[in-house]
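J.: Okay, so here is protein19.txt, and as you'll see once you scroll down, it has compact mmCIF, C-alpha atoms and all ligand atoms.
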# COMPACT_ATOMS: atom_id res chain seq x y z
CA MET A 210 17.67 -2.14 -17.10
CA PRO A 211 13.95 -1.62 -16.49
CA LYS A 212 12.87 -2.12 -12.93
CA PRO A 213 11.05 -5.38 -12.28
CA GLU A 214 7.28 -5.43 -12.45
CA VAL A 215 5.75 -5.25 -9.00
CA ASP A 216 2.64 -7.21 -8.13
CA TYR A 217 0.60 -4.77 -6.04
CA SER A 218 -2.52 -6.93 -5.97
CA LEU A 219 -2.60 -7.60 -2.21
CA TYR A 220 -0.58 -4.91 -0.53
CA LEU A 221 0.02 -5.14 3.23
CA VAL A 222 0.62 -1.95 5.20
CA THR A 223 1.85 -2.68 8.72
CA ASP A 224 0.82 -1.02 11.95
CA SER A 225 2.69 -1.26 15.23
CA THR A 226 0.10 0.21 17.57
CA PRO A 227 -1.33 -1.99 20.36
CA ALA A 228 -4.85 -1.32 19.06
CA ILE A 229 -4.03 -3.22 15.88
CA LEU A 230 -0.94 -5.35 16.47
CA GLY A 231 -1.87 -6.22 20.07
CA ASN A 232 0.94 -8.22 21.66
CA ALA A 233 1.91 -9.87 18.41
CA ASP A 234 5.39 -9.65 16.90
CA ILE A 235 5.42 -7.58 13.72
CA CYS A 236 7.93 -9.86 11.99
CA GLU A 237 5.84 -12.95 12.73
CA VAL A 238 2.68 -11.27 11.48
CA VAL A 239 4.38 -10.11 8.27
CA GLU A 240 5.82 -13.56 7.64
CA ALA A 241 2.40 -15.14 8.17
CA ALA A 242 0.93 -12.63 5.72
CA LEU A 243 3.62 -13.48 3.17
CA LYS A 244 2.80 -17.18 3.56
CA GLY A 245 -0.84 -16.31 3.02
CA GLY A 246 -0.08 -14.50 -0.23
CA VAL A 247 0.48 -10.77 0.21
CA THR A 248 2.41 -9.44 -2.77
CA CYS A 249 3.93 -6.22 -1.42
CA VAL A 250 4.71 -4.95 2.10
CA GLN A 251 4.97 -1.42 3.45
CA TYR A 252 6.48 -0.91 6.89
CA ARG A 253 4.40 1.91 8.39
CA ASP A 254 5.27 2.89 11.93
CA LYS A 255 4.36 6.36 13.10
CA THR A 256 5.56 6.03 16.68
CA SER A 257 8.97 4.34 16.87
CA ASP A 258 12.20 6.30 16.87
CA THR A 259 14.64 6.17 13.98
CA GLY A 260 16.82 3.45 15.49
CA VAL A 261 13.86 1.12 15.92
CA LEU A 262 12.60 1.92 12.43
CA VAL A 263 15.92 0.97 10.87
CA ALA A 264 16.37 -2.17 13.00
CA THR A 265 12.82 -3.38 12.39
CA GLY A 266 13.01 -2.43 8.72
CA ARG A 267 16.15 -4.55 8.30
CA LYS A 268 14.51 -7.52 10.01
CA LEU A 269 11.43 -7.19 7.84
CA HIS A 270 13.58 -6.88 4.73
CA GLN A 271 15.36 -10.13 5.50
CA ILE A 272 11.95 -11.78 5.66
CA THR A 273 10.43 -10.18 2.55
CA GLN A 274 13.55 -11.01 0.54
CA ARG A 275 13.05 -14.71 1.30
CA TYR A 276 9.62 -14.44 -0.32
CA ASN A 277 10.90 -12.25 -3.16
CA ILE A 278 8.41 -9.54 -2.22
CA PRO A 279 9.25 -5.83 -2.20
CA LEU A 280 9.47 -3.92 1.08
CA LEU A 281 8.71 -0.21 1.12
CA ILE A 282 9.12 2.20 4.03
CA ASN A 283 6.40 4.69 4.89
CA ASP A 284 7.34 8.37 5.10
CA ARG A 285 11.08 8.05 5.57
CA VAL A 286 13.46 8.09 2.62
CA ASP A 287 16.43 8.05 5.01
CA VAL A 288 15.18 4.86 6.68
CA ALA A 289 14.58 3.22 3.29
CA LEU A 290 18.18 4.01 2.33
CA ALA A 291 19.52 2.68 5.63
CA VAL A 292 17.50 -0.53 5.28
CA GLY A 293 18.44 -0.97 1.63
CA CYS A 294 14.93 -2.03 0.72
CA GLU A 295 13.08 -1.62 -2.54
CA GLY A 296 11.52 1.78 -1.96
CA VAL A 297 9.38 4.20 -0.09
CA HIS A 298 5.80 5.37 0.25
CA ILE A 299 5.38 9.11 0.73
CA GLY A 300 2.40 11.24 1.56
CA GLN A 301 1.61 14.80 0.61
CA ASP A 302 3.38 16.14 3.70
CA ASP A 303 6.54 14.07 3.38
CA LEU A 304 9.69 14.69 1.37
CA ASP A 305 8.60 15.62 -2.15
CA LEU A 306 8.64 13.11 -4.99
CA PRO A 307 11.45 14.66 -7.13
CA THR A 308 13.74 14.80 -4.10
CA ALA A 309 12.88 11.26 -3.04
CA ARG A 310 13.61 10.07 -6.60
CA LYS A 311 16.89 11.95 -6.67
CA ILE A 312 17.99 10.35 -3.42
CA LEU A 313 16.78 6.80 -4.05
CA GLY A 314 17.39 6.58 -7.79
CA GLU A 315 15.47 5.34 -10.79
CA ASP A 316 15.38 1.71 -9.64
CA ALA A 317 13.58 2.47 -6.39
CA ILE A 318 9.84 1.95 -6.09
CA ILE A 319 8.19 5.17 -5.01
CA GLY A 320 4.52 5.31 -4.11
CA VAL A 321 2.59 8.46 -3.31
CA THR A 322 -0.62 8.91 -1.36
CA ALA A 323 -3.15 10.90 -3.38
CA SER A 324 -6.80 11.60 -2.78
CA ASN A 325 -7.84 14.05 -5.48
CA ILE A 326 -7.20 14.66 -9.15
CA ALA A 327 -4.64 17.43 -8.56
CA GLU A 328 -2.55 15.19 -6.31
CA ILE A 329 -2.95 12.25 -8.69
CA GLU A 330 -1.80 14.36 -11.64
CA ALA A 331 1.24 15.75 -9.82
CA ALA A 332 2.34 12.30 -8.65
CA ALA A 333 1.70 10.63 -12.01
CA ARG A 334 3.52 13.33 -13.98
CA GLY A 335 6.27 13.38 -11.36
CA GLY A 336 7.12 9.74 -12.00
CA ALA A 337 5.56 7.92 -9.07
CA ASP A 338 5.55 4.17 -9.64
CA TYR A 339 2.17 3.79 -8.00
CA LEU A 340 -0.49 5.85 -6.31
CA GLY A 341 -2.01 4.97 -2.96
CA ILE A 342 -5.54 6.19 -3.54
CA GLY A 343 -7.85 6.85 -0.67
CA THR A 344 -9.24 6.99 1.81
CA VAL A 345 -11.92 4.75 0.30
CA PHE A 346 -13.92 4.12 3.49
CA ALA A 347 -13.61 5.74 6.90
CA THR A 348 -11.35 3.67 9.11
CA ALA A 349 -10.26 3.72 12.72
CA THR A 350 -6.73 2.81 11.60
CA LYS A 351 -6.03 6.29 10.28
CA GLU A 352 -7.92 9.06 11.92
CA ASN A 353 -8.16 12.57 10.52
CA THR A 354 -7.86 11.35 6.97
CA LYS A 355 -8.23 14.32 4.68
CA SER A 356 -10.95 12.89 2.55
CA ILE A 357 -13.15 9.88 2.26
CA ILE A 358 -13.60 9.38 -1.48
CA GLY A 359 -15.78 6.27 -1.56
CA VAL A 360 -15.81 3.83 -4.44
CA GLU A 361 -17.29 6.57 -6.65
CA GLY A 362 -14.30 8.85 -6.04
CA LEU A 363 -11.97 5.96 -6.72
CA GLN A 364 -13.68 5.20 -10.01
CA GLU A 365 -13.48 8.84 -11.07
CA ILE A 366 -9.74 8.86 -10.41
CA LEU A 367 -9.21 5.62 -12.34
CA LEU A 368 -11.15 7.02 -15.29
CA LYS A 369 -8.99 10.15 -15.29
CA ILE A 370 -5.77 8.12 -15.21
CA ALA A 371 -7.03 6.04 -18.13
CA ALA A 372 -8.13 9.11 -20.09
CA GLU A 373 -4.75 10.76 -19.61
CA LYS A 374 -2.88 7.49 -20.23
CA TRP A 375 -0.66 8.11 -17.23
CA PRO A 376 1.56 5.04 -16.86
CA VAL A 377 1.15 4.77 -13.11
CA LYS A 378 -0.04 1.79 -11.07
CA THR A 379 -2.95 2.18 -8.69
CA VAL A 380 -3.61 0.80 -5.23
CA CYS A 381 -6.58 1.81 -3.12
CA ILE A 382 -6.67 1.94 0.68
CA GLY A 383 -8.98 2.58 3.58
CA GLY A 384 -11.46 0.37 5.37
CA ILE A 385 -11.09 -2.57 3.02
CA ASN A 386 -11.60 -6.08 4.28
CA ALA A 387 -12.81 -9.51 3.17
CA SER A 388 -16.45 -8.43 3.18
CA ASN A 389 -16.03 -5.48 0.79
CA ILE A 390 -12.87 -6.14 -1.24
CA SER A 391 -14.66 -7.80 -4.16
CA ARG A 392 -17.20 -4.98 -4.34
CA VAL A 393 -14.46 -2.33 -4.26
CA ILE A 394 -12.58 -4.00 -7.11
CA TRP A 395 -15.71 -4.65 -9.13
CA GLN A 396 -17.33 -1.24 -8.69
CA SER A 397 -14.18 0.79 -9.21
CA ASN A 398 -13.03 -1.00 -12.34
CA GLY A 399 -14.98 0.21 -15.27
CA LYS A 400 -14.36 1.41 -18.75
CA GLY A 401 -11.16 3.06 -17.62
CA LYS A 402 -8.16 1.78 -15.83
CA SER A 403 -8.45 -1.19 -13.53
CA LEU A 404 -7.02 -1.12 -10.06
CA ASP A 405 -3.63 -2.78 -9.75
CA GLY A 406 -4.07 -3.60 -6.11
CA VAL A 407 -5.78 -3.19 -2.79
CA ALA A 408 -3.96 -2.21 0.39
CA VAL A 409 -5.08 -3.28 3.84
CA VAL A 410 -3.87 -2.71 7.36
CA SER A 411 -6.25 -4.03 10.02
CA ALA A 412 -7.79 -6.78 7.87
CA ILE A 413 -4.45 -8.57 8.18
CA MET A 414 -2.47 -6.91 10.99
CA ALA A 415 -5.34 -7.21 13.49
CA ALA A 416 -6.50 -10.64 12.35
CA ARG A 417 -6.33 -13.51 14.84
CA ASP A 418 -4.83 -15.63 12.04
CA PRO A 419 -2.99 -13.28 9.63
CA GLU A 420 -2.00 -16.12 7.31
CA ALA A 421 -5.59 -17.27 6.88
CA ALA A 422 -6.80 -13.68 6.53
CA SER A 423 -4.23 -13.03 3.81
CA LYS A 424 -5.09 -16.25 2.04
CA GLU A 425 -8.76 -15.34 1.98
CA LEU A 426 -8.04 -11.81 0.69
CA ALA A 427 -5.59 -13.11 -1.92
CA GLN A 428 -8.23 -15.51 -3.22
CA LEU A 429 -10.83 -12.74 -3.37
CA VAL A 430 -8.41 -10.46 -5.23
CA LYS A 431 -7.61 -13.15 -7.78
CA SER A 432 -11.09 -14.51 -8.38
CA PRO A 433 -13.69 -12.43 -10.18
CA PRO A 434 -16.53 -11.58 -7.81
CA ALA A 435 -19.63 -13.74 -8.15
CA PHE A 436 -21.79 -10.75 -8.99
CA ALA A 437 -19.54 -9.37 -11.73
N1 LIG A 501 -4.09 5.64 4.39
C1 LIG A 501 -5.35 5.90 4.09
S1 LIG A 501 -6.42 4.95 5.01
C2 LIG A 501 -5.14 4.16 5.79
C3 LIG A 501 -3.94 4.67 5.34
C4 LIG A 501 -2.61 4.26 5.79
C5 LIG A 501 -5.34 3.11 6.82
C6 LIG A 501 -6.09 1.94 6.28
O1 LIG A 501 -6.24 0.99 7.30
P1 LIG A 501 -7.35 -0.15 7.24
O2 LIG A 501 -7.21 -0.84 8.59
O3 LIG A 501 -6.99 -1.06 6.12
O4 LIG A 501 -8.66 0.51 7.08
MG MG A 502 3.42 9.96 5.18
Written as structure tokens, that's how I'd like the structure from this file.
T.:
Amino acid sequence: MPKPEVDYSLYLVTDSTPAILGNADICEVVEAALKGGVTCVQYRDKTSDTGVLVATGRKLHQITQRYNIPLLINDRVDVALAVGCEGVHIGQDDLDLPTARKILGEDAIIGVTASNIAEIEAAARGGADYLGIGTVFATATKENTKSIIGVEGLQEILLKIAAEKWPVKTVCIGGINASNISRVIWQSNGKGKSLDGVAVVSAIMAARDPEAASKELAQLVKSPPAFA
């Protein structure tokens, strides 16, 4: 049975740090974002211990399941297994893609962070379901990012994927918000492959009203920009 098509168009990546989440409850923020229209959720928590990751992941999964939206876990294949969610998002320094696939199976969604053509090629050929491409713009949310690729770098990567006909979905990330999301989509989509989605952290997780912020972003993602 082929795995179901995932809508990556507005992809929420969570953050549990006080600088972004403040005093808010992560489950409430994620549910508000789901109401507003996010289409995919990644639980990304770099500071909690394993027990908290599993407990919070299970709570989040109960919520995302009600909205029929996939939940992926950042970094940790073991936590994804324990939660029983739809998949995992791994970076270049995490468990490698073939091993993650072996553990989670063919039906799992596996995304890989990639910021240059060599990483893109390895992940695409290795059977990643989607690529998290970035960092598009510098962002305070993730410091020490290896490379800022800009919209130009993103476009180059999309052209390469199209030229090679790699059957991998594409999501970009880094510094994207309501004021630049249309431009990112418009400028990066060209003759080659179009982006399948845009991932945001602070634009939703740090918003005073995450539901309204998600609604606005979802509308911008769906509607062609006025200057296209
Ligand atoms: N990977 C590359 S940039 C980034 C991650 C997880 C953080 C993006 O956060 P924001 O707040 O959407 O700029
Ligand atoms: Mg990682």
J.: Using all atoms listed in the file, find each residue in chain A having at least one atom no more than 12 Å away from ligand MG 502 (chain A); report its shortest atom-to-atom pair and that distance in Å (one decimal), rows by chain then rising number, as JSON lines.
T.:
{"residue": "A:Gln251", "atom": "CA", "partner": "A:MG502", "partner_atom": "MG", "distance": 11.6}
{"residue": "A:Tyr252", "atom": "CA", "partner": "A:MG502", "partner_atom": "MG", "distance": 11.4}
{"residue": "A:Arg253", "atom": "CA", "partner": "A:MG502", "partner_atom": "MG", "distance": 8.7}
{"residue": "A:Asp254", "atom": "CA", "partner": "A:MG502", "partner_atom": "MG", "distance": 9.9}
{"residue": "A:Lys255", "atom": "CA", "partner": "A:MG502", "partner_atom": "MG", "distance": 8.8}
{"residue": "A:Ile282", "atom": "CA", "partner": "A:MG502", "partner_atom": "MG", "distance": 9.7}
{"residue": "A:Asn283", "atom": "CA", "partner": "A:MG502", "partner_atom": "MG", "distance": 6.1}
{"residue": "A:Asp284", "atom": "CA", "partner": "A:MG502", "partner_atom": "MG", "distance": 4.2}
{"residue": "A:Arg285", "atom": "CA", "partner": "A:MG502", "partner_atom": "MG", "distance": 7.9}
{"residue": "A:Val286", "atom": "CA", "partner": "A:MG502", "partner_atom": "MG", "distance": 10.5}
{"residue": "A:Val297", "atom": "CA", "partner": "A:MG502", "partner_atom": "MG", "distance": 9.8}
{"residue": "A:His298", "atom": "CA", "partner": "A:MG502", "partner_atom": "MG", "distance": 7.1}
{"residue": "A:Ile299", "atom": "CA", "partner": "A:MG502", "partner_atom": "MG", "distance": 4.9}
{"residue": "A:Gly300", "atom": "CA", "partner": "A:MG502", "partner_atom": "MG", "distance": 4.0}
{"residue": "A:Gln301", "atom": "CA", "partner": "A:MG502", "partner_atom": "MG", "distance": 6.9}
{"residue": "A:Asp302", "atom": "CA", "partner": "A:MG502", "partner_atom": "MG", "distance": 6.4}
{"residue": "A:Asp303", "atom": "CA", "partner": "A:MG502", "partner_atom": "MG", "distance": 5.5}
{"residue": "A:Leu304", "atom": "CA", "partner": "A:MG502", "partner_atom": "MG", "distance": 8.7}
{"residue": "A:Asp305", "atom": "CA", "partner": "A:MG502", "partner_atom": "MG", "distance": 10.6}
{"residue": "A:Leu306", "atom": "CA", "partner": "A:MG502", "partner_atom": "MG", "distance": 11.9}
{"residue": "A:Gly320", "atom": "CA", "partner": "A:MG502", "partner_atom": "MG", "distance": 10.4}
{"residue": "A:Val321", "atom": "CA", "partner": "A:MG502", "partner_atom": "MG", "distance": 8.7}
{"residue": "A:Thr322", "atom": "CA", "partner": "A:MG502", "partner_atom": "MG", "distance": 7.8}
{"residue": "A:Ala323", "atom": "CA", "partner": "A:MG502", "partner_atom": "MG", "distance": 10.8}
{"residue": "A:Gly341", "atom": "CA", "partner": "A:MG502", "partner_atom": "MG", "distance": 11.0}
{"residue": "A:Lys351", "atom": "CA", "partner": "A:MG502", "partner_atom": "MG", "distance": 11.3}
{"residue": "A:Thr354", "atom": "CA", "partner": "A:MG502", "partner_atom": "MG", "distance": 11.5}
J.: Which residues of chain A sit at most 7 Å from ligand LIG 501 (chain A), using all atoms listed in the file? Give each one's shortest atom pair and distance in Å (one decimal place), in chain and ascending residue order, as CSV.
T.:
residue,atom,partner,partner_atom,distance
A:Gly343,CA,A:LIG501,C1,5.5
A:Thr344,CA,A:LIG501,C1,4.6
A:Thr348,CA,A:LIG501,O4,4.6
A:Ala349,CA,A:LIG501,O4,6.7
A:Thr350,CA,A:LIG501,O1,4.7
A:Lys351,CA,A:LIG501,C5,4.7
A:Thr354,CA,A:LIG501,C1,6.7
A:Ile382,CA,A:LIG501,S1,5.3
A:Gly383,CA,A:LIG501,S1,3.8
A:Gly384,CA,A:LIG501,O4,3.3
A:Ile385,CA,A:LIG501,O3,5.4
A:Ala408,CA,A:LIG501,O3,6.6
A:Val409,CA,A:LIG501,O3,3.7
A:Val410,CA,A:LIG501,O3,3.7
A:Ser411,CA,A:LIG501,O2,3.6
A:Ala412,CA,A:LIG501,O2,6.0
J.: Would you mind telling me which residue in A:Lys424, A:Arg417, A:Lys374, A:Lys311 lies nearest to Lys402 of chain A when using only C-alpha atoms?
T.: A:Lys374
J.: So which one's closest to Val222 of chain A, A:Gln364, A:Ile370, A:Val407, A:Arg392? Using only C-alpha atoms, please.
T.: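 When distances to Val222 of chain A are compared using only C-alpha atoms, the smallest one comes from A:Val407.
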J.: If we count all atoms listed in the file, what is near Trp375 of chain A at a cut-off of 12 Å, once residues fewer than 6 positions away on the same chain are taken out, given as a list in words?
T.: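 The contact residues come out as Ile329, Glu330, Ala331, Ala332, Ala333, Arg334, Gly335, Gly336, Ala337, Asp338, Tyr339, Leu340, Ile366, Leu367, Leu368, Lys369, Gly401 and Lys402 of chain A.
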J.: From the options A:Cys294, A:Ile394, A:Ile272, A:Leu404, which residue's atoms come nearest to Asp316 of chain A, counting all atoms listed in the file?
T.: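 Checking each of A:Cys294, A:Ile394, A:Ile272, A:Leu404 against Asp316 of chain A, counting all atoms listed in the file, the winner is A:Cys294.
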J.: Ranking A:Thr308, A:Leu221, A:Pro279, A:Ala427 by minimum distance to Cys381 of chain A and counting only C-alpha atoms, which one comes first?
T.: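 For Cys381 of chain A, the nearest of the candidates is A:Leu221.
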J.: Which residue out of A:Val239, A:Ala289, A:Val377, A:Ala327 has the minimum interatomic distance to Asp224 of chain A when only C-alpha atoms are used?
T.: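 Result for the nearest residue to Asp224 of chain A: A:Val239.
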J.: Taking a cut-off of 9 Å and counting only C-alpha atoms, can you build a table that, for each residue of segment 378-420 of chain A near segment 229-238 of chain A, reports the nearest atom pair and how far apart they are in Å (one decimal), sorted by chain then residue number, as a tab-separated table?
T.:
residue	atom	partner	partner_atom	distance
A:Val410	CA	A:Ile229	CA	8.5
A:Ser411	CA	A:Ile229	CA	6.3
A:Ile413	CA	A:Val238	CA	8.3
A:Met414	CA	A:Leu230	CA	5.9
A:Ala415	CA	A:Ile229	CA	4.8
A:Ala416	CA	A:Ile229	CA	8.6
A:Asp418	CA	A:Val238	CA	8.7
A:Pro419	CA	A:Val238	CA	6.3
A:Glu420	CA	A:Val238	CA	7.9
J.: So how far away is atom CA of Ser225 of chain A from atom CA of Gly266 of chain A, in Å?
T.: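 It comes out at 12.3 Å.
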J.: Which distance in Å separates atom CA of Leu281 of chain A and atom CA of Arg267 of chain A, to one decimal?
T.: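 Separating atom CA of Leu281 of chain A from atom CA of Arg267 of chain A is a distance of 11.2 Å.
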J.: Which residues are close to Ile358 of chain A, i.e. within 9 Å by only C-alpha atoms, leaving aside same-chain residues fewer than 4 positions away? Reply as a PyMOL selection string.
T.: chain A and resi 324-325+342-346+362-363
